[in-house]
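Colleague: Supplied in structure tokens, the structure appears directly below.
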Amino acid sequence: MKKILLIVFTLNGMIFPQLNDSLNFHSPDNINKFADHLYYSKDYFRASLEYERLLNFVPNDTTVFKIGLAKQNGKQYNLALSDFNDLINKKSLLSESYIQYYKTLFLAEYDSLLITSYSNRFYDEVAYHDIHKLYFLSLIRSGQIKGKDFELLERFNKEEKTVLKRFLERKIQPDHKSPILAAVLSSVIPGLGKIYTARYEEGIAAFLLTTVFGYLSYTNFEADHKIRGWIFAGTSFLFYAGNIYGSAASANIYNAAVNLRFDTDFNFYLKNNDYLITKEPVFK
Amino acid sequence: MKFLLSRRSKIHFVLLIIFFPVLFCNNGILAQGNWDKWQKTKINYIVEVDLKERDYSYENLSVDGVILKSAAILYWSFFSDLDGDNCPFHPSCSNFFIESSRQTNLVQGTLMFFDRFTRDASFAGRHKHYPLYINGKFYDPPGNYTLNPEFLHYHFPMTLIIKEE
């Protein structure tokens, strides 16, 4: 009995290997399931590889579409654009492919390309609706929005409209500081330009350095120490001139911070709301 | 053998001969290689000093270059050598001066340097304005101060910068 049990336990794996078809991991159906699993686990790179492997067994436009989606999510935007473009040329999955093509352009921040390639030749009303939205969002982000484009705001629902109006205000009238004004302010009172650009500590430091060296120069000239007087005067002047220059540079940095904050907030809002697209691809 | 072992013992012996290589030699044959990866690493405790190599020579320099090099040598001798590696910014003030003069010109580079000196002398609030470089210093590249938007790369304060741009 012991011998039988020993043989059964040891040779079990050899006698009963995995012969069941459902456990054939390389069957097209299982490759598809595995690729879908990878996609939903956000392992987009490997998902796209599995879909490409599936394409060798079963050429299928849905699989090409899935490859495009996996590449889009994996930030391989140029490859994704090529996949969606192929589908558009084949007129397969047309409205979905158009939406994803424009979404990829938006994600890749190819705003000028999106705006120039935007047209009204879409068959599906939902696709038409979504592409209008992406076009409008691209106009906001790139700052190319004009009077007649504001009509497109009507395509968004009430809540989206409120948020987008706020973003539009921030884009059209950003809280920028003028570099020229900052330089002028610093030339009137050293450090004032820095304070104008919200660099309070640096403004105070600039004021102290300029005035202290100026005072040292004055007292040295008064005591007839001309060489020291000129050295301190020169140093004070360089701090004064450097501060005027630095205030203009500081205003530029302030403006860059405002722009970056806008871009970050805008992208964060869109990402959390699926880029305001109504027709999202769902596949099982 | 024939006389020493019973039948049951013979079976055990044969089984042992079959399974021994499988059970025990397996690890030996398929042992993990790449020992360099897994063995104890040698830790270097020497702190990397973030100073660019100093070149004191005046060979093949233009008039601007001679003035810039003289100013840099004076700064190295009277400030850097005495102060040590205590500049709160990356790149350090002397490197900032050299880089800014290279990127723009001597006059603009001097103005940028004095502005940097003001920021260096500012006593508080640096964490509200500057990102952090990997060496623990505040990252303040000269490109942000050239007044040319192409060179301006803004990062949010206290963001960790791994590599210089």
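Simple scheme: letters A, B, ... for chains in structure tokens order, numbers from 1 for residues in each chain, numbers from 1 for ligands in the order shown.
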At a cut-off of 12 Å, list the chain B residues touching chain A, using only C-alpha atoms, as a PDB file with N, CA and C atoms, in the first residue's frame.
Modeller:
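File written: selection-v1.pdb
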```
ATOM      1  N   ARG B   8      12.888  -5.225   1.163  1.00  0.00           N
ATOM      2  CA  ARG B   8      12.350  -3.884   1.424  1.00  0.00           C
ATOM      3  C   ARG B   8      13.465  -2.828   1.446  1.00  0.00           C
ATOM      4  N   ILE B  11      14.539  -1.907  -2.018  1.00  0.00           N
ATOM      5  CA  ILE B  11      13.642  -0.905  -2.642  1.00  0.00           C
ATOM      6  C   ILE B  11      13.968   0.498  -2.122  1.00  0.00           C
ATOM      7  N   HIS B  12      14.105   0.568  -0.791  1.00  0.00           N
ATOM      8  CA  HIS B  12      14.441   1.888  -0.193  1.00  0.00           C
ATOM      9  C   HIS B  12      15.724   2.419  -0.767  1.00  0.00           C
ATOM     10  N   LEU B  15      15.137   3.610  -4.349  1.00  0.00           N
ATOM     11  CA  LEU B  15      14.404   4.884  -4.322  1.00  0.00           C
ATOM     12  C   LEU B  15      15.309   6.030  -3.910  1.00  0.00           C
ATOM     13  N   ILE B  18      17.421   7.074  -6.721  1.00  0.00           N
ATOM     14  CA  ILE B  18      16.686   7.853  -7.737  1.00  0.00           C
ATOM     15  C   ILE B  18      16.407   9.277  -7.235  1.00  0.00           C
ATOM     16  N   PHE B  19      15.900   9.346  -5.999  1.00  0.00           N
ATOM     17  CA  PHE B  19      15.422  10.652  -5.517  1.00  0.00           C
ATOM     18  C   PHE B  19      16.513  11.561  -4.961  1.00  0.00           C
ATOM     19  N   VAL B  22      17.559  14.084  -7.466  1.00  0.00           N
ATOM     20  CA  VAL B  22      16.451  15.016  -7.747  1.00  0.00           C
ATOM     21  C   VAL B  22      16.275  15.998  -6.593  1.00  0.00           C
ATOM     22  N   VAL B 107      28.534  91.062 -18.462  1.00  0.00           N
ATOM     23  CA  VAL B 107      27.759  92.093 -17.731  1.00  0.00           C
ATOM     24  C   VAL B 107      26.497  91.456 -17.130  1.00  0.00           C
ATOM     25  N   GLN B 108      25.759  90.732 -17.962  1.00  0.00           N
ATOM     26  CA  GLN B 108      24.527  90.095 -17.478  1.00  0.00           C
ATOM     27  C   GLN B 108      24.854  89.038 -16.419  1.00  0.00           C
ATOM     28  N   GLY B 109      25.948  88.308 -16.645  1.00  0.00           N
ATOM     29  CA  GLY B 109      26.373  87.296 -15.681  1.00  0.00           C
ATOM     30  C   GLY B 109      26.701  87.914 -14.331  1.00  0.00           C
ATOM     31  N   THR B 110      27.319  89.115 -14.345  1.00  0.00           N
ATOM     32  CA  THR B 110      27.647  89.803 -13.084  1.00  0.00           C
ATOM     33  C   THR B 110      26.366  90.220 -12.353  1.00  0.00           C
ATOM     34  N   LEU B 111      25.401  90.736 -13.121  1.00  0.00           N
ATOM     35  CA  LEU B 111      24.120  91.139 -12.507  1.00  0.00           C
ATOM     36  C   LEU B 111      23.414  89.924 -11.905  1.00  0.00           C
ATOM     37  N   MET B 112      23.454  88.816 -12.658  1.00  0.00           N
ATOM     38  CA  MET B 112      22.828  87.579 -12.152  1.00  0.00           C
ATOM     39  C   MET B 112      23.531  87.097 -10.891  1.00  0.00           C
ATOM     40  N   PHE B 113      24.830  87.260 -10.862  1.00  0.00           N
ATOM     41  CA  PHE B 113      25.605  86.815  -9.689  1.00  0.00           C
ATOM     42  C   PHE B 113      25.249  87.645  -8.456  1.00  0.00           C
ATOM     43  N   PHE B 114      25.129  88.997  -8.626  1.00  0.00           N
ATOM     44  CA  PHE B 114      24.801  89.832  -7.461  1.00  0.00           C
ATOM     45  C   PHE B 114      23.369  89.583  -6.986  1.00  0.00           C
ATOM     46  N   ASP B 115      22.498  89.280  -7.930  1.00  0.00           N
ATOM     47  CA  ASP B 115      21.131  88.912  -7.537  1.00  0.00           C
ATOM     48  C   ASP B 115      21.154  87.599  -6.754  1.00  0.00           C
ATOM     49  N   ARG B 116      21.969  86.648  -7.216  1.00  0.00           N
ATOM     50  CA  ARG B 116      22.101  85.367  -6.516  1.00  0.00           C
ATOM     51  C   ARG B 116      22.665  85.592  -5.107  1.00  0.00           C
ATOM     52  N   PHE B 117      23.616  86.521  -5.009  1.00  0.00           N
ATOM     53  CA  PHE B 117      24.226  86.819  -3.713  1.00  0.00           C
ATOM     54  C   PHE B 117      23.166  87.362  -2.740  1.00  0.00           C
ATOM     55  N   THR B 118      22.249  88.152  -3.281  1.00  0.00           N
ATOM     56  CA  THR B 118      21.144  88.680  -2.454  1.00  0.00           C
ATOM     57  C   THR B 118      20.275  87.523  -1.967  1.00  0.00           C
ATOM     58  N   ARG B 119      19.995  86.593  -2.866  1.00  0.00           N
ATOM     59  CA  ARG B 119      19.170  85.439  -2.490  1.00  0.00           C
ATOM     60  C   ARG B 119      19.899  84.563  -1.478  1.00  0.00           C
ATOM     61  N   ASP B 120      21.228  84.497  -1.637  1.00  0.00           N
ATOM     62  CA  ASP B 120      22.046  83.727  -0.700  1.00  0.00           C
ATOM     63  C   ASP B 120      22.003  84.369   0.691  1.00  0.00           C
ATOM     64  N   ALA B 121      22.000  85.718   0.697  1.00  0.00           N
ATOM     65  CA  ALA B 121      22.005  86.439   1.984  1.00  0.00           C
ATOM     66  C   ALA B 121      20.622  86.483   2.622  1.00  0.00           C
ATOM     67  N   SER B 122      19.583  86.174   1.846  1.00  0.00           N
ATOM     68  CA  SER B 122      18.221  86.187   2.393  1.00  0.00           C
ATOM     69  C   SER B 122      18.106  85.105   3.475  1.00  0.00           C
ATOM     70  N   PHE B 123      17.552  85.492   4.608  1.00  0.00           N
ATOM     71  CA  PHE B 123      17.681  84.658   5.807  1.00  0.00           C
ATOM     72  C   PHE B 123      16.628  83.556   5.960  1.00  0.00           C
ATOM     73  N   ALA B 124      15.492  83.692   5.312  1.00  0.00           N
ATOM     74  CA  ALA B 124      14.435  82.690   5.548  1.00  0.00           C
ATOM     75  C   ALA B 124      13.597  82.479   4.290  1.00  0.00           C
ATOM     76  N   GLY B 125      12.746  81.474   4.360  1.00  0.00           N
ATOM     77  CA  GLY B 125      11.730  81.262   3.328  1.00  0.00           C
ATOM     78  C   GLY B 125      12.204  80.600   2.052  1.00  0.00           C
ATOM     79  N   ARG B 126      13.418  80.050   2.078  1.00  0.00           N
ATOM     80  CA  ARG B 126      13.908  79.419   0.836  1.00  0.00           C
ATOM     81  C   ARG B 126      13.049  78.224   0.438  1.00  0.00           C
ATOM     82  N   HIS B 127      12.571  77.501   1.457  1.00  0.00           N
ATOM     83  CA  HIS B 127      11.766  76.302   1.171  1.00  0.00           C
ATOM     84  C   HIS B 127      10.452  76.647   0.462  1.00  0.00           C
ATOM     85  N   LYS B 128      10.059  77.938   0.509  1.00  0.00           N
ATOM     86  CA  LYS B 128       8.811  78.323  -0.161  1.00  0.00           C
ATOM     87  C   LYS B 128       9.019  78.606  -1.650  1.00  0.00           C
ATOM     88  N   HIS B 129      10.285  78.723  -2.050  1.00  0.00           N
ATOM     89  CA  HIS B 129      10.541  79.150  -3.433  1.00  0.00           C
ATOM     90  C   HIS B 129      11.347  78.174  -4.280  1.00  0.00           C
ATOM     91  N   TYR B 130      12.135  77.322  -3.634  1.00  0.00           N
ATOM     92  CA  TYR B 130      13.086  76.527  -4.428  1.00  0.00           C
ATOM     93  C   TYR B 130      12.830  75.025  -4.304  1.00  0.00           C
ATOM     94  N   ASP B 140      18.831  76.002  -7.886  1.00  0.00           N
ATOM     95  CA  ASP B 140      18.649  77.352  -8.421  1.00  0.00           C
ATOM     96  C   ASP B 140      19.542  77.524  -9.650  1.00  0.00           C
ATOM     97  N   PRO B 141      19.126  76.980 -10.806  1.00  0.00           N
ATOM     98  CA  PRO B 141      20.003  77.020 -11.992  1.00  0.00           C
ATOM     99  C   PRO B 141      20.023  78.407 -12.643  1.00  0.00           C
ATOM    100  N   PRO B 142      21.142  78.798 -13.275  1.00  0.00           N
ATOM    101  CA  PRO B 142      21.226  80.121 -13.897  1.00  0.00           C
ATOM    102  C   PRO B 142      20.236  80.321 -15.048  1.00  0.00           C
ATOM    103  N   GLY B 143      19.842  79.197 -15.697  1.00  0.00           N
ATOM    104  CA  GLY B 143      18.899  79.289 -16.823  1.00  0.00           C
ATOM    105  C   GLY B 143      17.598  79.997 -16.463  1.00  0.00           C
ATOM    106  N   ASN B 144      17.181  79.927 -15.204  1.00  0.00           N
ATOM    107  CA  ASN B 144      15.923  80.555 -14.782  1.00  0.00           C
ATOM    108  C   ASN B 144      16.025  82.073 -14.718  1.00  0.00           C
ATOM    109  N   TYR B 145      17.231  82.614 -14.784  1.00  0.00           N
ATOM    110  CA  TYR B 145      17.410  84.059 -14.576  1.00  0.00           C
ATOM    111  C   TYR B 145      17.932  84.773 -15.814  1.00  0.00           C
ATOM    112  N   THR B 146      17.937  84.098 -16.966  1.00  0.00           N
ATOM    113  CA  THR B 146      18.500  84.727 -18.164  1.00  0.00           C
ATOM    114  C   THR B 146      17.504  85.655 -18.854  1.00  0.00           C
ATOM    115  N   LEU B 147      16.278  85.720 -18.354  1.00  0.00           N
ATOM    116  CA  LEU B 147      15.155  86.484 -18.950  1.00  0.00           C
ATOM    117  C   LEU B 147      14.731  85.897 -20.300  1.00  0.00           C
ATOM    118  N   ASN B 148      15.212  84.696 -20.596  1.00  0.00           N
ATOM    119  CA  ASN B 148      14.805  84.013 -21.824  1.00  0.00           C
ATOM    120  C   ASN B 148      13.878  82.854 -21.435  1.00  0.00           C
ATOM    121  N   PRO B 149      12.590  82.940 -21.835  1.00  0.00           N
ATOM    122  CA  PRO B 149      11.631  81.897 -21.413  1.00  0.00           C
ATOM    123  C   PRO B 149      12.032  80.479 -21.834  1.00  0.00           C
ATOM    124  N   GLU B 150      12.831  80.360 -22.892  1.00  0.00           N
ATOM    125  CA  GLU B 150      13.241  79.027 -23.370  1.00  0.00           C
ATOM    126  C   GLU B 150      14.092  78.288 -22.333  1.00  0.00           C
ATOM    127  N   PHE B 151      14.864  79.050 -21.576  1.00  0.00           N
ATOM    128  CA  PHE B 151      15.759  78.427 -20.591  1.00  0.00           C
ATOM    129  C   PHE B 151      15.104  78.286 -19.211  1.00  0.00           C
ATOM    130  N   LEU B 152      13.899  78.833 -19.073  1.00  0.00           N
ATOM    131  CA  LEU B 152      13.254  78.832 -17.753  1.00  0.00           C
ATOM    132  C   LEU B 152      12.504  77.506 -17.536  1.00  0.00           C
ATOM    133  N   HIS B 153      12.946  76.745 -16.553  1.00  0.00           N
ATOM    134  CA  HIS B 153      12.247  75.501 -16.209  1.00  0.00           C
ATOM    135  C   HIS B 153      11.848  75.578 -14.747  1.00  0.00           C
ATOM    136  N   TYR B 154      10.582  75.903 -14.528  1.00  0.00           N
ATOM    137  CA  TYR B 154      10.117  76.077 -13.147  1.00  0.00           C
ATOM    138  C   TYR B 154       9.713  74.730 -12.544  1.00  0.00           C
ATOM    139  N   HIS B 155      10.101  74.518 -11.295  1.00  0.00           N
ATOM    140  CA  HIS B 155       9.667  73.340 -10.543  1.00  0.00           C
ATOM    141  C   HIS B 155       9.006  73.833  -9.264  1.00  0.00           C
ATOM    142  N   PHE B 156       8.011  73.102  -8.803  1.00  0.00           N
ATOM    143  CA  PHE B 156       7.353  73.507  -7.563  1.00  0.00           C
ATOM    144  C   PHE B 156       8.341  73.435  -6.400  1.00  0.00           C
ATOM    145  N   PRO B 157       8.157  74.330  -5.396  1.00  0.00           N
ATOM    146  CA  PRO B 157       9.077  74.313  -4.246  1.00  0.00           C
ATOM    147  C   PRO B 157       9.126  72.942  -3.576  1.00  0.00           C
TER     148      PRO B 157
END
```
Colleague: Can you list every residue in chain B that DSSP puts in helix (DSSP H, G or I), as a short mmCIF file (atom, residue, chain, number, x, y, z; two decimals) with N, CA and C atoms, in the first residue's frame?
Modeller:
```cif
data_model
loop_
_atom_site.label_atom_id
_atom_site.label_comp_id
_atom_site.auth_asym_id
_atom_site.auth_seq_id
_atom_site.Cartn_x
_atom_site.Cartn_y
_atom_site.Cartn_z
N ARG B 7 14.68 -7.37 1.07
CA ARG B 7 14.04 -6.91 -0.17
C ARG B 7 13.53 -5.46 -0.01
N ARG B 8 12.89 -5.22 1.16
CA ARG B 8 12.35 -3.88 1.42
C ARG B 8 13.46 -2.83 1.45
N SER B 9 14.56 -3.25 2.05
CA SER B 9 15.70 -2.32 2.14
C SER B 9 16.27 -2.01 0.76
N LYS B 10 16.23 -3.06 -0.11
CA LYS B 10 16.72 -2.84 -1.48
C LYS B 10 15.88 -1.78 -2.19
N ILE B 11 14.54 -1.91 -2.02
CA ILE B 11 13.64 -0.90 -2.64
C ILE B 11 13.97 0.50 -2.12
N HIS B 12 14.10 0.57 -0.79
CA HIS B 12 14.44 1.89 -0.19
C HIS B 12 15.72 2.42 -0.77
N PHE B 13 16.68 1.52 -0.95
CA PHE B 13 18.00 1.92 -1.46
C PHE B 13 17.90 2.47 -2.89
N VAL B 14 17.10 1.71 -3.70
CA VAL B 14 16.93 2.15 -5.11
C VAL B 14 16.23 3.50 -5.16
N LEU B 15 15.14 3.61 -4.35
CA LEU B 15 14.40 4.88 -4.32
C LEU B 15 15.31 6.03 -3.91
N LEU B 16 16.14 5.73 -2.94
CA LEU B 16 17.07 6.75 -2.44
C LEU B 16 18.04 7.19 -3.54
N ILE B 17 18.50 6.21 -4.31
CA ILE B 17 19.42 6.52 -5.42
C ILE B 17 18.73 7.38 -6.47
N ILE B 18 17.42 7.07 -6.72
CA ILE B 18 16.69 7.85 -7.74
C ILE B 18 16.41 9.28 -7.23
N PHE B 19 15.90 9.35 -6.00
CA PHE B 19 15.42 10.65 -5.52
C PHE B 19 16.51 11.56 -4.96
N PHE B 20 17.61 10.95 -4.58
CA PHE B 20 18.67 11.77 -4.00
C PHE B 20 19.13 12.88 -4.96
N PRO B 21 19.47 12.50 -6.22
CA PRO B 21 19.91 13.59 -7.12
C PRO B 21 18.82 14.63 -7.36
N VAL B 22 17.56 14.08 -7.47
CA VAL B 22 16.45 15.02 -7.75
C VAL B 22 16.28 16.00 -6.59
N LEU B 23 16.26 15.46 -5.37
CA LEU B 23 15.96 16.30 -4.21
C LEU B 23 17.12 17.20 -3.81
N PHE B 24 18.32 16.61 -3.84
CA PHE B 24 19.45 17.35 -3.26
C PHE B 24 20.37 18.00 -4.29
N CYS B 25 20.55 17.30 -5.41
CA CYS B 25 21.48 17.87 -6.40
C CYS B 25 20.84 18.99 -7.20
N ASN B 26 19.51 19.02 -7.18
CA ASN B 26 18.74 20.03 -7.90
C ASN B 26 19.25 21.44 -7.61
N ASN B 27 19.40 21.75 -6.33
CA ASN B 27 19.85 23.08 -5.93
C ASN B 27 21.27 23.35 -6.40
N GLY B 28 22.05 22.28 -6.39
CA GLY B 28 23.44 22.43 -6.82
C GLY B 28 23.54 22.73 -8.30
N ILE B 29 22.69 22.02 -9.09
CA ILE B 29 22.76 22.20 -10.55
C ILE B 29 22.16 23.54 -10.97
N TRP B 35 26.50 36.07 -8.43
CA TRP B 35 26.80 36.31 -7.02
C TRP B 35 27.13 37.78 -6.71
N ASP B 36 27.65 38.48 -7.71
CA ASP B 36 27.99 39.89 -7.49
C ASP B 36 26.77 40.69 -7.04
N LYS B 37 25.63 40.28 -7.60
CA LYS B 37 24.41 41.01 -7.30
C LYS B 37 23.96 40.82 -5.85
N TRP B 38 24.18 39.62 -5.33
CA TRP B 38 23.62 39.28 -4.03
C TRP B 38 24.58 39.44 -2.86
N VAL B 63 39.28 88.34 -24.06
CA VAL B 63 39.37 89.39 -23.02
C VAL B 63 38.30 89.14 -21.95
N ASP B 64 37.07 88.85 -22.41
CA ASP B 64 35.96 88.53 -21.49
C ASP B 64 36.33 87.35 -20.60
N GLY B 65 36.93 86.34 -21.25
CA GLY B 65 37.30 85.11 -20.53
C GLY B 65 38.34 85.39 -19.46
N VAL B 66 39.31 86.27 -19.77
CA VAL B 66 40.36 86.60 -18.79
C VAL B 66 39.75 87.30 -17.57
N ILE B 67 38.83 88.24 -17.84
CA ILE B 67 38.18 88.97 -16.73
C ILE B 67 37.37 88.00 -15.88
N LEU B 68 36.61 87.14 -16.57
CA LEU B 68 35.76 86.17 -15.86
C LEU B 68 36.61 85.21 -15.03
N LYS B 69 37.69 84.72 -15.64
CA LYS B 69 38.55 83.76 -14.93
C LYS B 69 39.20 84.44 -13.71
N SER B 70 39.65 85.70 -13.88
CA SER B 70 40.26 86.42 -12.75
C SER B 70 39.26 86.59 -11.61
N ALA B 71 38.03 86.96 -11.98
CA ALA B 71 36.98 87.15 -10.96
C ALA B 71 36.71 85.82 -10.24
N ALA B 72 36.67 84.73 -11.03
CA ALA B 72 36.39 83.42 -10.44
C ALA B 72 37.53 83.01 -9.50
N ILE B 73 38.80 83.26 -9.93
CA ILE B 73 39.94 82.88 -9.07
C ILE B 73 39.93 83.69 -7.78
N LEU B 74 39.60 85.00 -7.91
CA LEU B 74 39.51 85.84 -6.70
C LEU B 74 38.43 85.30 -5.76
N TYR B 75 37.27 84.94 -6.34
CA TYR B 75 36.16 84.42 -5.52
C TYR B 75 36.55 83.10 -4.85
N TRP B 76 37.23 82.22 -5.62
CA TRP B 76 37.65 80.93 -5.06
C TRP B 76 38.61 81.16 -3.87
N SER B 77 39.55 82.13 -4.08
CA SER B 77 40.58 82.35 -3.06
C SER B 77 40.03 83.04 -1.81
N PHE B 78 39.16 84.06 -2.01
CA PHE B 78 38.72 84.86 -0.86
C PHE B 78 37.41 84.40 -0.24
N PHE B 79 36.62 83.63 -0.97
CA PHE B 79 35.32 83.20 -0.41
C PHE B 79 35.23 81.66 -0.29
N SER B 80 35.32 80.98 -1.46
CA SER B 80 35.05 79.53 -1.47
C SER B 80 35.99 78.78 -0.54
N ASP B 81 37.31 79.09 -0.62
CA ASP B 81 38.29 78.35 0.20
C ASP B 81 38.08 78.58 1.68
N LEU B 82 37.63 79.78 2.04
CA LEU B 82 37.42 80.09 3.46
C LEU B 82 36.07 79.58 3.94
N ASP B 83 35.07 79.73 3.10
CA ASP B 83 33.70 79.38 3.50
C ASP B 83 33.46 77.87 3.44
N CYS B 93 27.52 79.48 -5.63
CA CYS B 93 27.55 80.85 -6.17
C CYS B 93 28.64 81.04 -7.22
N SER B 94 29.84 80.50 -6.96
CA SER B 94 30.93 80.69 -7.94
C SER B 94 30.60 79.97 -9.25
N ASN B 95 30.06 78.76 -9.15
CA ASN B 95 29.67 78.03 -10.37
C ASN B 95 28.52 78.73 -11.08
N PHE B 96 27.63 79.31 -10.29
CA PHE B 96 26.50 80.07 -10.86
C PHE B 96 27.02 81.23 -11.69
N PHE B 97 28.03 81.94 -11.15
CA PHE B 97 28.63 83.08 -11.86
C PHE B 97 29.26 82.64 -13.18
N ILE B 98 30.03 81.55 -13.11
CA ILE B 98 30.71 81.06 -14.32
C ILE B 98 29.68 80.62 -15.36
N GLU B 99 28.68 79.84 -14.91
CA GLU B 99 27.66 79.32 -15.84
C GLU B 99 26.83 80.45 -16.44
N SER B 100 26.43 81.41 -15.58
CA SER B 100 25.58 82.50 -16.08
C SER B 100 26.35 83.37 -17.06
N SER B 101 27.65 83.61 -16.82
CA SER B 101 28.45 84.39 -17.77
C SER B 101 28.62 83.64 -19.08
N ARG B 102 28.74 82.33 -19.00
CA ARG B 102 28.85 81.52 -20.23
C ARG B 102 27.54 81.56 -21.02
N GLN B 103 26.43 81.45 -20.29
CA GLN B 103 25.13 81.40 -20.99
C GLN B 103 24.72 82.75 -21.56
N LEU B 106 29.32 88.74 -19.89
CA LEU B 106 29.97 89.07 -18.62
C LEU B 106 29.13 90.06 -17.79
N VAL B 107 28.53 91.06 -18.46
CA VAL B 107 27.76 92.09 -17.73
C VAL B 107 26.50 91.46 -17.13
N GLN B 108 25.76 90.73 -17.96
CA GLN B 108 24.53 90.09 -17.48
C GLN B 108 24.85 89.04 -16.42
N GLY B 109 25.95 88.31 -16.65
CA GLY B 109 26.37 87.30 -15.68
C GLY B 109 26.70 87.91 -14.33
N THR B 110 27.32 89.12 -14.35
CA THR B 110 27.65 89.80 -13.08
C THR B 110 26.37 90.22 -12.35
N LEU B 111 25.40 90.74 -13.12
CA LEU B 111 24.12 91.14 -12.51
C LEU B 111 23.41 89.92 -11.90
N MET B 112 23.45 88.82 -12.66
CA MET B 112 22.83 87.58 -12.15
C MET B 112 23.53 87.10 -10.89
N PHE B 113 24.83 87.26 -10.86
CA PHE B 113 25.61 86.81 -9.69
C PHE B 113 25.25 87.65 -8.46
N PHE B 114 25.13 89.00 -8.63
CA PHE B 114 24.80 89.83 -7.46
C PHE B 114 23.37 89.58 -6.99
N ASP B 115 22.50 89.28 -7.93
CA ASP B 115 21.13 88.91 -7.54
C ASP B 115 21.15 87.60 -6.75
N ARG B 116 21.97 86.65 -7.22
CA ARG B 116 22.10 85.37 -6.52
C ARG B 116 22.67 85.59 -5.11
N PHE B 117 23.62 86.52 -5.01
CA PHE B 117 24.23 86.82 -3.71
C PHE B 117 23.17 87.36 -2.74
N THR B 118 22.25 88.15 -3.28
CA THR B 118 21.14 88.68 -2.45
C THR B 118 20.27 87.52 -1.97
N ARG B 119 20.00 86.59 -2.87
CA ARG B 119 19.17 85.44 -2.49
C ARG B 119 19.90 84.56 -1.48
N ASP B 120 21.23 84.50 -1.64
CA ASP B 120 22.05 83.73 -0.70
C ASP B 120 22.00 84.37 0.69
N ALA B 121 22.00 85.72 0.70
CA ALA B 121 22.00 86.44 1.98
C ALA B 121 20.62 86.48 2.62
N ARG B 126 13.42 80.05 2.08
CA ARG B 126 13.91 79.42 0.84
C ARG B 126 13.05 78.22 0.44
N HIS B 127 12.57 77.50 1.46
CA HIS B 127 11.77 76.30 1.17
C HIS B 127 10.45 76.65 0.46
N LYS B 128 10.06 77.94 0.51
CA LYS B 128 8.81 78.32 -0.16
C LYS B 128 9.02 78.61 -1.65
N PRO B 142 21.14 78.80 -13.27
CA PRO B 142 21.23 80.12 -13.90
C PRO B 142 20.24 80.32 -15.05
N GLY B 143 19.84 79.20 -15.70
CA GLY B 143 18.90 79.29 -16.82
C GLY B 143 17.60 80.00 -16.46
N ASN B 144 17.18 79.93 -15.20
CA ASN B 144 15.92 80.56 -14.78
C ASN B 144 16.02 82.07 -14.72
N TYR B 145 17.23 82.61 -14.78
CA TYR B 145 17.41 84.06 -14.58
C TYR B 145 17.93 84.77 -15.81
N PRO B 149 12.59 82.94 -21.83
CA PRO B 149 11.63 81.90 -21.41
C PRO B 149 12.03 80.48 -21.83
N GLU B 150 12.83 80.36 -22.89
CA GLU B 150 13.24 79.03 -23.37
C GLU B 150 14.09 78.29 -22.33
N PHE B 151 14.86 79.05 -21.58
CA PHE B 151 15.76 78.43 -20.59
C PHE B 151 15.10 78.29 -19.21
#
```
Colleague: Just the residues within 8 Å of Gly214 of chain A, please, counting only C-alpha atoms, with nothing from its chain fewer than 4 positions along; format it as a PyMOL selection string.
Modeller: chain A and resi 210+218+232-233+236
Colleague: What is the distance, in Å and to one decimal place, between atom CA of Gly84 of chain B and atom CA of Thr159 of chain B?
Modeller: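 Distance reported for this atom pair: 25.9 Å.
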Colleague: Provide the atom CA of Pro88 of chain B to atom CA of Lys137 of chain B distance in Å, to one decimal place.
Modeller: 5.5 Å
Colleague: With a distance cut-off of 7 Å and only C-alpha atoms, select the neighbouring residues of Ile162 of chain B, excluding the residue or stretch itself and same-chain residues fewer than 2 positions from it, and output the selection as a list in words.
Modeller: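 The residues satisfying every condition are Tyr133, Ile134, Leu160 and Glu164 of chain B.
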Colleague: Once you have the residues from the selection above, write them out as a tab-separated table (two decimals), in the first residue's frame, restricted to N, CA and C atoms.
Modeller:
```tsv
chain	number	residue	atom	x	y	z
B	133	TYR	N	17.61	69.89	-4.58
B	133	TYR	CA	18.46	69.05	-5.41
B	133	TYR	C	18.79	67.78	-4.62
B	134	ILE	N	19.25	66.75	-5.33
B	134	ILE	CA	19.51	65.45	-4.69
B	134	ILE	C	20.56	65.53	-3.58
B	160	LEU	N	11.81	67.22	-5.54
B	160	LEU	CA	13.17	66.66	-5.56
B	160	LEU	C	13.68	66.60	-7.00
B	164	GLU	N	20.47	67.47	-13.09
B	164	GLU	CA	20.54	68.86	-13.54
B	164	GLU	C	20.02	68.97	-14.96
```
Colleague: Would you please extract all strand (DSSP E) residues from chain B, as assigned by DSSP on the backbone, and give them as a list in words?
Modeller: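 DSSP-assigned strand (DSSP E) residues in chain B: Phe89, His90, Leu132, Tyr133, Phe138, Tyr139, Leu160 and Ile161 of chain B.
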Colleague: Do you have the atom CA of Asn85 of chain A-atom CA of Leu38 of chain A distance handy?
Modeller: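 Those two atoms sit 24.0 Å apart.
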